[in-house]
$ cat work01.pdb   # PDB, C-alpha atoms and all ligand atoms
MODEL        1
ATOM      1  CA  MET U 133       0.000   0.000   0.000
ATOM      2  CA  HIS U 134       1.185   3.534  -0.836
ATOM      3  CA  GLY U 135       1.271   6.206   1.887
ATOM      4  CA  ALA U 136      -2.279   7.260   2.690
ATOM      5  CA  ASP U 137      -3.398  10.620   1.325
ATOM      6  CA  PRO U 138      -6.432  11.896   3.267
ATOM      7  CA  ARG U 139      -7.192  14.585   0.674
ATOM      8  CA  LEU U 140      -8.839  12.188  -1.768
ATOM      9  CA  VAL U 141     -12.199  10.794  -0.690
ATOM     10  CA  LEU U 142     -13.702   8.076  -2.867
ATOM     11  CA  GLY U 143     -17.343   9.085  -3.347
ATOM     12  CA  LEU U 144     -19.825   6.262  -3.884
ATOM     13  CA  HIS U 145     -22.738   8.216  -5.368
ATOM     14  CA  ARG U 146     -22.398   6.614  -8.816
ATOM     15  CA  SER U 147     -20.318   3.626  -7.731
ATOM     16  CA  ARG U 148     -21.195  -0.006  -8.289
ATOM     17  CA  HIS U 149     -19.826  -0.649  -4.773
ATOM     18  CA  HIS U 150     -17.597  -3.470  -6.003
ATOM     19  CA  HIS U 151     -14.994  -4.991  -3.722
ATOM     20  CA  ASP U 152     -12.340  -4.471  -6.421
ATOM     21  CA  ILE U 153     -12.396  -0.669  -6.476
ATOM     22  CA  LEU U 154     -12.299  -0.532  -2.671
ATOM     23  CA  THR U 155      -9.291  -2.886  -2.615
ATOM     24  CA  ALA U 156      -7.587  -0.820  -5.312
ATOM     25  CA  ALA U 157      -8.291   2.343  -3.339
ATOM     26  CA  LEU U 158      -6.615   0.966  -0.232
ATOM     27  CA  ASP U 159      -3.648  -0.285  -2.266
ATOM     28  CA  LEU U 160      -3.226   3.210  -3.708
ATOM     29  CA  GLY U 161      -3.486   4.888  -0.304
ATOM     30  CA  VAL U 162      -7.079   6.167  -0.544
ATOM     31  CA  THR U 163      -8.474   5.573   2.913
ATOM     32  CA  ALA U 164     -11.632   7.708   2.956
ATOM     33  CA  LEU U 165     -15.065   6.781   1.600
ATOM     34  CA  ASP U 166     -18.095   9.007   1.276
ATOM     35  CA  THR U 167     -21.549   7.539   0.906
ATOM     36  CA  ALA U 168     -25.147   8.333   1.861
ATOM     37  CA  ALA U 169     -28.149   6.460   3.172
ATOM     38  CA  ALA U 170     -29.844   7.173  -0.173
ATOM     39  CA  TYR U 171     -27.081   5.919  -2.504
ATOM     40  CA  LEU U 172     -27.513   2.722  -4.496
ATOM     41  CA  GLY U 173     -31.287   2.891  -4.058
ATOM     42  CA  PHE U 174     -30.961   3.191  -0.262
ATOM     43  CA  ARG U 175     -28.814   0.033  -0.172
ATOM     44  CA  SER U 176     -25.321   1.542   0.002
ATOM     45  CA  HIS U 177     -24.721   0.871   3.697
ATOM     46  CA  ALA U 178     -26.012  -2.693   3.570
ATOM     47  CA  VAL U 179     -24.117  -3.521   0.365
ATOM     48  CA  LEU U 180     -20.882  -2.106   1.770
ATOM     49  CA  ALA U 181     -21.298  -4.244   4.875
ATOM     50  CA  GLU U 182     -22.052  -7.332   2.753
ATOM     51  CA  THR U 183     -19.382  -6.993   0.097
ATOM     52  CA  ALA U 184     -16.597  -5.210   1.948
ATOM     53  CA  ALA U 185     -16.909  -6.053   5.630
ATOM     54  CA  ASP U 186     -13.191  -6.939   5.637
ATOM     55  CA  LEU U 187     -12.243  -3.557   4.136
ATOM     56  CA  LEU U 188     -14.578  -1.154   5.913
ATOM     57  CA  PRO U 189     -12.538  -0.946   9.148
ATOM     58  CA  LYS U 190      -9.583   0.307   7.082
ATOM     59  CA  PHE U 191     -11.454   3.372   5.795
ATOM     60  CA  THR U 192     -12.657   6.531   7.434
ATOM     61  CA  LEU U 193     -16.274   6.751   6.434
ATOM     62  CA  SER U 194     -18.635   9.665   5.972
ATOM     63  CA  THR U 195     -22.301   9.215   5.221
ATOM     64  CA  LYS U 196     -25.331  11.447   4.837
ATOM     65  CA  VAL U 197     -28.895  11.473   6.104
ATOM     66  CA  GLY U 198     -31.847  13.540   4.952
ATOM     67  CA  PHE U 199     -33.401  11.505   2.131
ATOM     68  CA  PHE U 200     -35.896   8.782   2.969
ATOM     69  CA  PRO U 201     -37.490   6.129   0.795
ATOM     70  CA  ASN U 202     -41.143   6.607  -0.033
ATOM     71  CA  ALA U 203     -43.444   4.899  -2.513
ATOM     72  CA  GLY U 204     -41.197   4.302  -5.482
ATOM     73  CA  GLY U 205     -38.842   7.182  -4.801
ATOM     74  CA  ALA U 206     -37.271   9.410  -2.211
ATOM     75  CA  GLU U 207     -38.419  12.305  -0.079
ATOM     76  CA  HIS U 208     -36.400  14.813   1.841
ATOM     77  CA  SER U 209     -36.915  15.578   5.506
ATOM     78  CA  LEU U 210     -35.149  17.515   8.246
ATOM     79  CA  ASP U 211     -37.385  16.090  10.955
ATOM     80  CA  PRO U 212     -34.920  15.561  13.830
ATOM     81  CA  VAL U 213     -36.580  12.313  14.923
ATOM     82  CA  ARG U 214     -36.278  10.812  11.430
ATOM     83  CA  LEU U 215     -32.679  12.017  11.179
ATOM     84  CA  ARG U 216     -31.788  10.422  14.498
ATOM     85  CA  LEU U 217     -33.344   7.115  13.463
ATOM     86  CA  ALA U 218     -31.486   7.289  10.144
ATOM     87  CA  ILE U 219     -28.153   7.790  11.942
ATOM     88  CA  GLU U 220     -28.813   4.830  14.225
ATOM     89  CA  ARG U 221     -29.819   2.757  11.225
ATOM     90  CA  ALA U 222     -26.648   3.715   9.348
ATOM     91  CA  ALA U 223     -24.464   2.392  12.159
ATOM     92  CA  ARG U 224     -26.528  -0.792  12.340
ATOM     93  CA  GLU U 225     -26.408  -1.425   8.594
ATOM     94  CA  LEU U 226     -22.714  -0.639   8.280
ATOM     95  CA  GLY U 227     -21.811  -2.705  11.332
ATOM     96  CA  ARG U 228     -19.863   0.273  12.698
ATOM     97  CA  GLU U 229     -20.374   3.939  13.474
ATOM     98  CA  PRO U 230     -19.512   6.232  10.566
ATOM     99  CA  ASP U 231     -16.764   8.743  11.327
ATOM    100  CA  THR U 232     -18.776  11.665   9.997
ATOM    101  CA  VAL U 233     -22.495  12.140   9.450
ATOM    102  CA  LEU U 234     -23.595  14.920   7.115
ATOM    103  CA  LEU U 235     -27.012  16.458   6.593
ATOM    104  CA  HIS U 236     -27.751  15.588   2.976
ATOM    105  CA  ASN U 237     -28.790  18.582   0.876
ATOM    106  CA  PRO U 238     -30.739  20.345   3.663
ATOM    107  CA  GLU U 239     -31.635  23.094   1.169
ATOM    108  CA  ARG U 240     -34.175  20.700  -0.345
ATOM    109  CA  SER U 241     -36.427  21.161   2.708
ATOM    110  CA  LEU U 242     -35.827  24.888   3.082
ATOM    111  CA  THR U 243     -36.817  26.411  -0.230
ATOM    112  CA  SER U 244     -40.584  26.324   0.443
ATOM    113  CA  LEU U 245     -40.323  27.832   3.953
ATOM    114  CA  SER U 246     -40.080  31.363   5.282
ATOM    115  CA  PRO U 247     -36.556  32.301   6.464
ATOM    116  CA  ALA U 248     -37.720  32.091  10.099
ATOM    117  CA  ASP U 249     -39.281  28.635   9.690
ATOM    118  CA  GLY U 250     -36.284  27.447   7.666
ATOM    119  CA  HIS U 251     -33.924  28.700  10.332
ATOM    120  CA  ALA U 252     -35.827  26.849  13.082
ATOM    121  CA  LEU U 253     -36.015  23.608  11.060
ATOM    122  CA  LEU U 254     -32.349  23.673  10.076
ATOM    123  CA  GLY U 255     -31.420  24.433  13.694
ATOM    124  CA  SER U 256     -33.313  21.427  15.038
ATOM    125  CA  ALA U 257     -31.762  19.196  12.352
ATOM    126  CA  CYS U 258     -28.262  20.399  13.255
ATOM    127  CA  THR U 259     -28.975  19.762  16.919
ATOM    128  CA  ALA U 260     -29.955  16.168  16.096
ATOM    129  CA  LEU U 261     -26.523  15.664  14.506
ATOM    130  CA  VAL U 262     -24.697  17.463  17.323
ATOM    131  CA  ASP U 263     -26.417  15.145  19.808
ATOM    132  CA  ALA U 264     -25.564  12.060  17.746
ATOM    133  CA  ALA U 265     -21.895  13.047  17.708
ATOM    134  CA  ARG U 266     -21.918  13.786  21.427
ATOM    135  CA  GLU U 267     -23.415  10.358  22.121
ATOM    136  CA  GLY U 268     -20.791   8.549  20.030
ATOM    137  CA  LEU U 269     -22.934   7.644  16.997
ATOM    138  CA  CYS U 270     -20.302   9.438  14.899
ATOM    139  CA  ARG U 271     -17.113  11.369  15.586
ATOM    140  CA  THR U 272     -17.922  14.561  13.694
ATOM    141  CA  TRP U 273     -20.946  15.996  11.927
ATOM    142  CA  GLY U 274     -21.533  18.387   9.090
ATOM    143  CA  VAL U 275     -23.597  19.537   6.168
ATOM    144  CA  SER U 276     -23.340  18.449   2.537
ATOM    145  CA  SER U 277     -25.039  20.908   0.221
ATOM    146  CA  TRP U 278     -25.378  20.852  -3.564
ATOM    147  CA  ASP U 279     -26.738  24.401  -3.558
ATOM    148  CA  THR U 280     -25.676  26.513  -0.580
ATOM    149  CA  ARG U 281     -27.822  29.509  -1.576
ATOM    150  CA  PRO U 282     -30.972  28.585   0.429
ATOM    151  CA  LEU U 283     -28.771  28.017   3.512
ATOM    152  CA  GLY U 284     -27.503  31.583   3.216
ATOM    153  CA  MET U 285     -31.111  32.822   2.993
ATOM    154  CA  VAL U 286     -32.248  31.308   6.309
ATOM    155  CA  GLY U 287     -29.271  32.661   8.304
ATOM    156  CA  VAL U 288     -26.963  30.242  10.081
ATOM    157  CA  ASP U 289     -24.774  32.468  12.255
ATOM    158  CA  ASP U 290     -26.422  31.392  15.539
ATOM    159  CA  LEU U 291     -26.807  27.690  14.601
ATOM    160  CA  PRO U 292     -24.307  25.029  15.746
ATOM    161  CA  SER U 293     -21.140  25.252  13.625
ATOM    162  CA  PRO U 294     -20.615  22.101  11.551
ATOM    163  CA  ASP U 295     -17.279  20.296  11.755
ATOM    164  CA  VAL U 296     -17.508  19.797   7.989
ATOM    165  CA  LEU U 297     -19.139  21.757   5.187
ATOM    166  CA  MET U 298     -19.164  19.708   1.977
ATOM    167  CA  VAL U 299     -19.854  21.721  -1.162
ATOM    168  CA  ARG U 300     -19.602  21.566  -4.948
ATOM    169  CA  ALA U 301     -16.107  22.329  -6.187
ATOM    170  CA  GLY U 302     -14.228  22.990  -9.388
ATOM    171  CA  PHE U 303     -14.486  24.784 -12.697
ATOM    172  CA  LEU U 304     -18.079  23.737 -13.290
ATOM    173  CA  VAL U 305     -19.307  25.711 -10.272
ATOM    174  CA  GLY U 306     -20.628  29.190 -11.062
ATOM    175  CA  ILE U 307     -19.366  32.317  -9.377
ATOM    176  CA  ASP U 308     -22.659  32.933  -7.529
ATOM    177  CA  LEU U 309     -22.396  29.587  -5.804
ATOM    178  CA  LEU U 310     -18.683  30.030  -5.029
ATOM    179  CA  ASP U 311     -19.423  33.425  -3.462
ATOM    180  CA  THR U 312     -22.366  32.139  -1.412
ATOM    181  CA  THR U 313     -20.295  29.223  -0.177
ATOM    182  CA  ALA U 314     -17.444  31.545   0.848
ATOM    183  CA  VAL U 315     -19.819  33.734   2.880
ATOM    184  CA  LEU U 316     -21.637  30.751   4.352
ATOM    185  CA  ARG U 317     -18.562  28.977   5.653
ATOM    186  CA  ASN U 318     -17.262  32.160   7.275
ATOM    187  CA  VAL U 319     -20.560  33.063   8.897
ATOM    188  CA  TRP U 320     -21.132  29.482  10.041
ATOM    189  CA  GLN U 321     -17.514  29.030  11.128
ATOM    190  CA  ALA U 322     -17.418  25.575   9.599
ATOM    191  CA  GLY U 323     -14.408  23.541  10.746
ATOM    192  CA  GLU U 324     -13.282  22.017   7.438
ATOM    193  CA  THR U 325     -14.482  22.511   3.887
ATOM    194  CA  TRP U 326     -14.656  19.396   1.717
ATOM    195  CA  GLY U 327     -15.196  19.735  -2.021
ATOM    196  CA  MET U 328     -17.308  17.310  -4.036
ATOM    197  CA  SER U 329     -18.118  16.401  -7.616
ATOM    198  CA  PRO U 330     -15.104  18.127  -9.252
ATOM    199  CA  PHE U 331     -16.194  16.819 -12.682
ATOM    200  CA  GLY U 332     -19.873  17.572 -12.143
ATOM    201  CA  GLY U 333     -20.542  13.845 -12.311
ATOM    202  CA  GLY U 334     -19.003  13.352 -15.782
ATOM    203  CA  HIS U 335     -19.055  15.940 -18.609
ATOM    204  CA  ARG U 336     -15.849  14.650 -20.188
ATOM    205  CA  LYS U 337     -16.313  16.792 -23.310
ATOM    206  CA  VAL U 338     -15.775  19.986 -21.299
ATOM    207  CA  TRP U 339     -12.096  19.153 -20.878
ATOM    208  CA  GLU U 340     -11.708  18.691 -24.628
ATOM    209  CA  GLU U 341     -12.807  22.291 -25.094
ATOM    210  CA  PHE U 342     -11.229  23.836 -21.992
ATOM    211  CA  ASP U 343      -7.639  23.210 -20.892
ATOM    212  CA  PRO U 344      -7.158  23.834 -17.161
ATOM    213  CA  ARG U 345      -3.420  23.021 -17.177
ATOM    214  CA  PRO U 346      -2.349  26.704 -17.081
ATOM    215  CA  PHE U 347      -3.760  26.709 -13.526
ATOM    216  CA  LEU U 348      -0.893  24.420 -12.479
ATOM    217  CA  ARG U 349       2.616  25.725 -11.841
ATOM    218  CA  PRO U 350       4.825  25.187 -14.920
ATOM    219  CA  PRO U 351       6.690  22.043 -13.786
ATOM    220  CA  HIS U 352       3.342  20.264 -13.334
ATOM    221  CA  ARG U 353       1.704  21.116 -16.645
ATOM    222  CA  GLY U 354       2.544  17.713 -18.097
ATOM    223  CA  LEU U 355      -0.474  16.249 -16.291
ATOM    224  CA  SER U 356      -3.702  15.587 -18.183
ATOM    225  CA  ARG U 357      -6.571  18.064 -18.391
ATOM    226  CA  THR U 358      -8.733  16.009 -16.022
ATOM    227  CA  GLN U 359      -5.873  15.830 -13.527
ATOM    228  CA  ALA U 360      -5.459  19.608 -13.715
ATOM    229  CA  ALA U 361      -9.214  20.126 -13.279
ATOM    230  CA  PHE U 362      -9.214  17.832 -10.250
ATOM    231  CA  ARG U 363      -6.192  19.458  -8.611
ATOM    232  CA  THR U 364      -7.452  23.009  -9.178
ATOM    233  CA  ALA U 365     -10.864  22.102  -7.706
ATOM    234  CA  PHE U 366      -9.201  22.189  -4.267
ATOM    235  CA  HIS U 367      -9.067  25.981  -4.726
ATOM    236  CA  LEU U 368     -12.589  26.503  -6.082
ATOM    237  CA  PRO U 369     -13.443  26.930  -3.209
ATOM    238  CA  GLY U 370     -10.487  26.236  -0.871
ATOM    239  CA  ALA U 371     -10.993  22.664   0.378
ATOM    240  CA  SER U 372      -8.986  20.233   2.493
ATOM    241  CA  LYS U 373     -10.534  17.101   0.923
ATOM    242  CA  MET U 374     -12.275  16.261  -2.336
ATOM    243  CA  ALA U 375     -14.952  13.593  -2.812
ATOM    244  CA  VAL U 376     -14.660  12.249  -6.337
ATOM    245  CA  GLY U 377     -16.332   9.274  -7.970
ATOM    246  CA  THR U 378     -14.714   6.570 -10.053
ATOM    247  CA  ASP U 379     -15.044   2.832 -10.575
ATOM    248  CA  ASP U 380     -11.741   2.747 -12.443
ATOM    249  CA  PRO U 381      -8.500   2.128 -10.494
ATOM    250  CA  VAL U 382      -6.462   3.739 -13.301
ATOM    251  CA  HIS U 383      -8.491   6.937 -12.959
ATOM    252  CA  LEU U 384      -8.074   6.819  -9.198
ATOM    253  CA  ALA U 385      -4.298   6.512  -9.571
ATOM    254  CA  GLU U 386      -4.316   9.508 -11.949
ATOM    255  CA  LEU U 387      -6.221  11.581  -9.423
ATOM    256  CA  LEU U 388      -3.770  10.647  -6.678
ATOM    257  CA  GLN U 389      -0.856  11.556  -8.899
ATOM    258  CA  ALA U 390      -2.459  14.960  -9.502
ATOM    259  CA  LEU U 391      -2.364  15.700  -5.781
ATOM    260  CA  GLY U 392       1.412  16.080  -6.116
ATOM    261  CA  ALA U 393       0.994  19.058  -8.460
ATOM    262  CA  GLU U 394       1.069  22.646  -7.271
ATOM    263  CA  VAL U 395      -1.694  25.039  -8.253
ATOM    264  CA  ASP U 396      -0.902  28.545  -9.444
ATOM    265  CA  THR U 397      -3.045  30.391  -6.915
ATOM    266  CA  PHE U 398      -2.424  33.700  -8.695
ATOM    267  CA  ALA U 399      -4.036  32.254 -11.824
ATOM    268  CA  VAL U 400      -6.987  31.088  -9.714
ATOM    269  CA  SER U 401      -7.397  34.594  -8.229
ATOM    270  CA  GLN U 402      -7.293  36.106 -11.715
ATOM    271  CA  TYR U 403      -9.917  33.614 -12.887
ATOM    272  CA  LEU U 404     -12.214  34.540  -9.980
ATOM    273  CA  ARG U 405     -11.697  38.261 -10.651
ATOM    274  CA  ALA U 406     -12.583  37.697 -14.302
ATOM    275  CA  LEU U 407     -15.780  35.860 -13.349
ATOM    276  CA  HIS U 408     -16.734  38.689 -10.982
ATOM    277  CA  SER U 409     -16.146  41.418 -13.527
ATOM    278  CA  HIS U 410     -17.981  39.460 -16.245
ATOM    279  CA  ARG U 411     -20.991  39.170 -13.900
ATOM    280  CA  GLN U 412     -20.940  42.924 -13.215
ATOM    281  CA  SER U 413     -20.675  43.953 -16.880
TER
HETATM  282  N1  LIG U 501     -25.245  16.619  -2.391
HETATM  283  C1  LIG U 501     -24.320  15.800  -2.122
HETATM  284  O1  LIG U 501     -24.113  15.544  -0.981
HETATM  285  C2  LIG U 501     -23.474  15.239  -3.225
HETATM  286  C3  LIG U 501     -23.845  15.395  -4.547
HETATM  287  C4  LIG U 501     -22.992  14.907  -5.541
HETATM  288  C5  LIG U 501     -21.816  14.291  -5.174
HETATM  289  N2  LIG U 501     -21.495  14.133  -3.849
HETATM  290  C6  LIG U 501     -20.257  13.460  -3.439
HETATM  291  O2  LIG U 501     -19.234  13.701  -4.364
HETATM  292  C7  LIG U 501     -18.817  12.463  -4.944
HETATM  293  C8  LIG U 501     -18.388  12.643  -6.373
HETATM  294  O3  LIG U 501     -19.469  13.113  -7.117
HETATM  295  P1  LIG U 501     -19.890  12.534  -8.548
HETATM  296  O4  LIG U 501     -19.482  11.106  -8.677
HETATM  297  O5  LIG U 501     -21.275  12.904  -8.761
HETATM  298  O6  LIG U 501     -19.061  13.428  -9.540
HETATM  299  P2  LIG U 501     -17.521  13.552  -9.987
HETATM  300  O7  LIG U 501     -16.605  12.997  -8.988
HETATM  301  O8  LIG U 501     -17.385  14.964 -10.391
HETATM  302  O9  LIG U 501     -17.498  12.716 -11.341
HETATM  303  C9  LIG U 501     -17.422  11.339 -11.407
HETATM  304  C10 LIG U 501     -17.151  11.015 -12.868
HETATM  305  O10 LIG U 501     -15.825  11.434 -13.194
HETATM  306  C11 LIG U 501     -15.168  10.368 -13.873
HETATM  307  N3  LIG U 501     -13.746  10.405 -13.514
HETATM  308  C12 LIG U 501     -13.192  10.326 -12.286
HETATM  309  N4  LIG U 501     -11.853  10.352 -12.352
HETATM  310  C13 LIG U 501     -11.541  10.448 -13.665
HETATM  311  C14 LIG U 501     -10.310  10.502 -14.376
HETATM  312  N5  LIG U 501      -9.127  10.466 -13.735
HETATM  313  N6  LIG U 501     -10.363  10.590 -15.725
HETATM  314  C15 LIG U 501     -11.544  10.633 -16.380
HETATM  315  N7  LIG U 501     -12.746  10.579 -15.747
HETATM  316  C16 LIG U 501     -12.737  10.479 -14.409
HETATM  317  C17 LIG U 501     -15.835   9.102 -13.421
HETATM  318  O11 LIG U 501     -15.811   8.120 -14.435
HETATM  319  P3  LIG U 501     -15.034   6.708 -14.231
HETATM  320  O12 LIG U 501     -15.835   5.885 -13.280
HETATM  321  O13 LIG U 501     -14.950   6.162 -15.621
HETATM  322  O14 LIG U 501     -13.665   7.058 -13.682
HETATM  323  C18 LIG U 501     -17.266   9.548 -13.163
HETATM  324  O15 LIG U 501     -18.029   9.434 -14.343
HETATM  325  C19 LIG U 501     -20.043  11.556  -4.757
HETATM  326  O16 LIG U 501     -19.748  10.197  -4.853
HETATM  327  C20 LIG U 501     -20.454  11.950  -3.386
HETATM  328  O17 LIG U 501     -19.574  11.395  -2.442
HETATM  329  C21 LIG U 501     -22.299  14.603  -2.885
ENDMDL
END

$ encode --input "work01.pdb" --output "structure tokens"
Amino acid sequence: MHGADPRLVLGLHRSRHHHDILTAALDLGVTALDTAAAYLGFRSHAVLAETAADLLPKFTLSTKVGFFPNAGGAEHSLDPVRLRLAIERAARELGREPDTVLLHNPERSLTSLSPADGHALLGSACTALVDAAREGLCRTWGVSSWDTRPLGMVGVDDLPSPDVLMVRAGFLVGIDLLDTTAVLRNVWQAGETWGMSPFGGGHRKVWEEFDPRPFLRPPHRGLSRTQAAFRTAFHLPGASKMAVGTDDPVHLAELLQALGAEVDTFAVSQYLRALHSHRQS
């Protein structure tokens, strides 16, 4: 096994959950998995426990609660009682407590509420996760949000600060979302920021048209475009970890290799300035 690199988190959203990719990840030094109660048709936890019981203790594991199965689909809820039951169920299904539990896309339950009602509901949901962490059902807790804008609208400054704020990252994220996320994590005093979905879930053609290698320092520009996009995503917004999905060990090795590259942060600042001035014009 290579030296572990905690910056790369293997995300299981689109994964087939095969034993092989988890073994390859460990061999390469990827020791963090991110899943959710809702992944793999609400079977992710159980399938991980079935197919990879031998491997699971070797990973740090984050999971998410907030989506619940209903007739033929999924519904979102921030009901603290349902969240608590979901956290207990996650530990039962996995056969171990997850290291981190994240509220899964809480914005989904906030958009139809007044700011005051949204604030109260989000607060009670956060408290459910704080309590779960305090009682040992997980080590840390946080919020994973695809669209941080509704969270900004309800006001979070007096709500419990999450240990982790997990947000969309990379070149495919618009400047409005990057700005909202920057404000949100400061106001909320989130402990760590984790990025997610640096390729937007796929979109390979984008990198044929756009070459992100100039965002790497010159000695590192020999990497591929996808490697450069992945590495630069750690600065859009600034993130300590990145959850990325792949079922291909070769791709995973490429992503790990990219972590060795240095990003030209001046180029990133220029890019952000350009996006701001384009929006104002
Ligand atoms: N709201 C939320 O909480 C939320 C939402 C979305 C995602 N997430 C988290 O973020 C993780 C990643 O998101 P995601 O899977 O949607 O998007 P992603 O990581 O941006 O994209 C995954 C896609 O990128 C491809 N890829 C990965 N490495 C590559 C490489 N080196 N070269 C070429 N293609 C490569 C994969 O294909 P191959 O399999 O062929 O490599 C896969 O199709 C999720 O698993 C989850 O943990 C959270």

$ resolve_selection --input "work01.pdb" --expression "the PyMOL selection byres (((chain U and resi 170) around 12) and not hetatm)" --output "ChimeraX atom specification"
/U:144-146,166-169,171-178,195-202,205-208,218,222,235-237

$ write_last_selection --input "work01.pdb" --atoms "C-alpha atoms" --output "tab-separated table (two decimals), keeping the file's coordinate frame"
chain	number	residue	atom	x	y	z
U	144	LEU	CA	-19.82	6.26	-3.88
U	145	HIS	CA	-22.74	8.22	-5.37
U	146	ARG	CA	-22.40	6.61	-8.82
U	166	ASP	CA	-18.10	9.01	1.28
U	167	THR	CA	-21.55	7.54	0.91
U	168	ALA	CA	-25.15	8.33	1.86
U	169	ALA	CA	-28.15	6.46	3.17
U	171	TYR	CA	-27.08	5.92	-2.50
U	172	LEU	CA	-27.51	2.72	-4.50
U	173	GLY	CA	-31.29	2.89	-4.06
U	174	PHE	CA	-30.96	3.19	-0.26
U	175	ARG	CA	-28.81	0.03	-0.17
U	176	SER	CA	-25.32	1.54	0.00
U	177	HIS	CA	-24.72	0.87	3.70
U	178	ALA	CA	-26.01	-2.69	3.57
U	195	THR	CA	-22.30	9.22	5.22
U	196	LYS	CA	-25.33	11.45	4.84
U	197	VAL	CA	-28.90	11.47	6.10
U	198	GLY	CA	-31.85	13.54	4.95
U	199	PHE	CA	-33.40	11.50	2.13
U	200	PHE	CA	-35.90	8.78	2.97
U	201	PRO	CA	-37.49	6.13	0.80
U	202	ASN	CA	-41.14	6.61	-0.03
U	205	GLY	CA	-38.84	7.18	-4.80
U	206	ALA	CA	-37.27	9.41	-2.21
U	207	GLU	CA	-38.42	12.30	-0.08
U	208	HIS	CA	-36.40	14.81	1.84
U	218	ALA	CA	-31.49	7.29	10.14
U	222	ALA	CA	-26.65	3.72	9.35
U	235	LEU	CA	-27.01	16.46	6.59
U	236	HIS	CA	-27.75	15.59	2.98
U	237	ASN	CA	-28.79	18.58	0.88

$ closest_atom_pairs --input "work01.pdb" --of "chain U" --to "ligand LIG 501 (chain U)" --cutoff "7 Å" --atoms "only C-alpha atoms and all ligand atoms" --output "Markdown table"
| residue | atom | partner | partner_atom | distance |
| --- | --- | --- | --- | --- |
| U:Leu142 | CA | U:LIG501 | O16 | 6.7 |
| U:Gly143 | CA | U:LIG501 | O16 | 3.0 |
| U:Leu144 | CA | U:LIG501 | O16 | 4.1 |
| U:His145 | CA | U:LIG501 | O16 | 3.6 |
| U:Arg146 | CA | U:LIG501 | O4 | 5.4 |
| U:Asp166 | CA | U:LIG501 | O17 | 4.7 |
| U:Thr167 | CA | U:LIG501 | O17 | 5.5 |
| U:His236 | CA | U:LIG501 | O1 | 5.4 |
| U:Asn237 | CA | U:LIG501 | N1 | 5.2 |
| U:Ser276 | CA | U:LIG501 | O1 | 4.6 |
| U:Ser277 | CA | U:LIG501 | N1 | 5.0 |
| U:Trp278 | CA | U:LIG501 | N1 | 4.4 |
| U:Met328 | CA | U:LIG501 | O2 | 4.1 |
| U:Ser329 | CA | U:LIG501 | O8 | 3.2 |
| U:Pro330 | CA | U:LIG501 | O8 | 4.1 |
| U:Phe331 | CA | U:LIG501 | O8 | 3.2 |
| U:Gly332 | CA | U:LIG501 | O8 | 4.0 |
| U:Gly333 | CA | U:LIG501 | O6 | 3.2 |
| U:Gly334 | CA | U:LIG501 | C10 | 4.2 |
| U:Arg336 | CA | U:LIG501 | N7 | 6.8 |
| U:Thr358 | CA | U:LIG501 | N6 | 5.7 |
| U:Gln359 | CA | U:LIG501 | N5 | 6.3 |
| U:Ala375 | CA | U:LIG501 | O2 | 4.6 |
| U:Val376 | CA | U:LIG501 | O7 | 3.4 |
| U:Gly377 | CA | U:LIG501 | O4 | 3.7 |
| U:Thr378 | CA | U:LIG501 | O12 | 3.5 |
| U:Asp379 | CA | U:LIG501 | O12 | 4.2 |
| U:Asp380 | CA | U:LIG501 | O14 | 4.9 |
| U:His383 | CA | U:LIG501 | N5 | 3.7 |
| U:Leu384 | CA | U:LIG501 | N5 | 5.9 |
| U:Glu386 | CA | U:LIG501 | N5 | 5.2 |
| U:Leu387 | CA | U:LIG501 | N5 | 5.3 |

$ residues_around --input "work01.pdb" --residues "Asp279 in chain U" --least-positions-apart "6" --cutoff "9 Å" --atoms "only C-alpha atoms" --output "list in words"
Asn237, Glu239, Arg240, Val299, Arg300, Leu309 and Thr313 of chain U

$ resolve_selection --input "work01.pdb" --expression "the PyMOL selection byres (((chain U and resi 135) around 12) and not hetatm)" --output "short mmCIF file (atom, residue, chain, number, x, y, z; two decimals) with C-alpha atoms, keeping the file's coordinate frame"
data_model
loop_
_atom_site.label_atom_id
_atom_site.label_comp_id
_atom_site.auth_asym_id
_atom_site.auth_seq_id
_atom_site.Cartn_x
_atom_site.Cartn_y
_atom_site.Cartn_z
CA MET U 133 0.00 0.00 0.00
CA HIS U 134 1.18 3.53 -0.84
CA ALA U 136 -2.28 7.26 2.69
CA ASP U 137 -3.40 10.62 1.32
CA PRO U 138 -6.43 11.90 3.27
CA ARG U 139 -7.19 14.58 0.67
CA ALA U 157 -8.29 2.34 -3.34
CA LEU U 158 -6.62 0.97 -0.23
CA ASP U 159 -3.65 -0.28 -2.27
CA LEU U 160 -3.23 3.21 -3.71
CA GLY U 161 -3.49 4.89 -0.30
CA VAL U 162 -7.08 6.17 -0.54
CA THR U 163 -8.47 5.57 2.91
CA LEU U 388 -3.77 10.65 -6.68
#

$ closest_residue --input "work01.pdb" --among "U:Ala203, U:Leu154, U:Ala257, U:Leu304" --to "Gly274 in chain U" --atoms "all atoms listed in the file"
U:Ala257
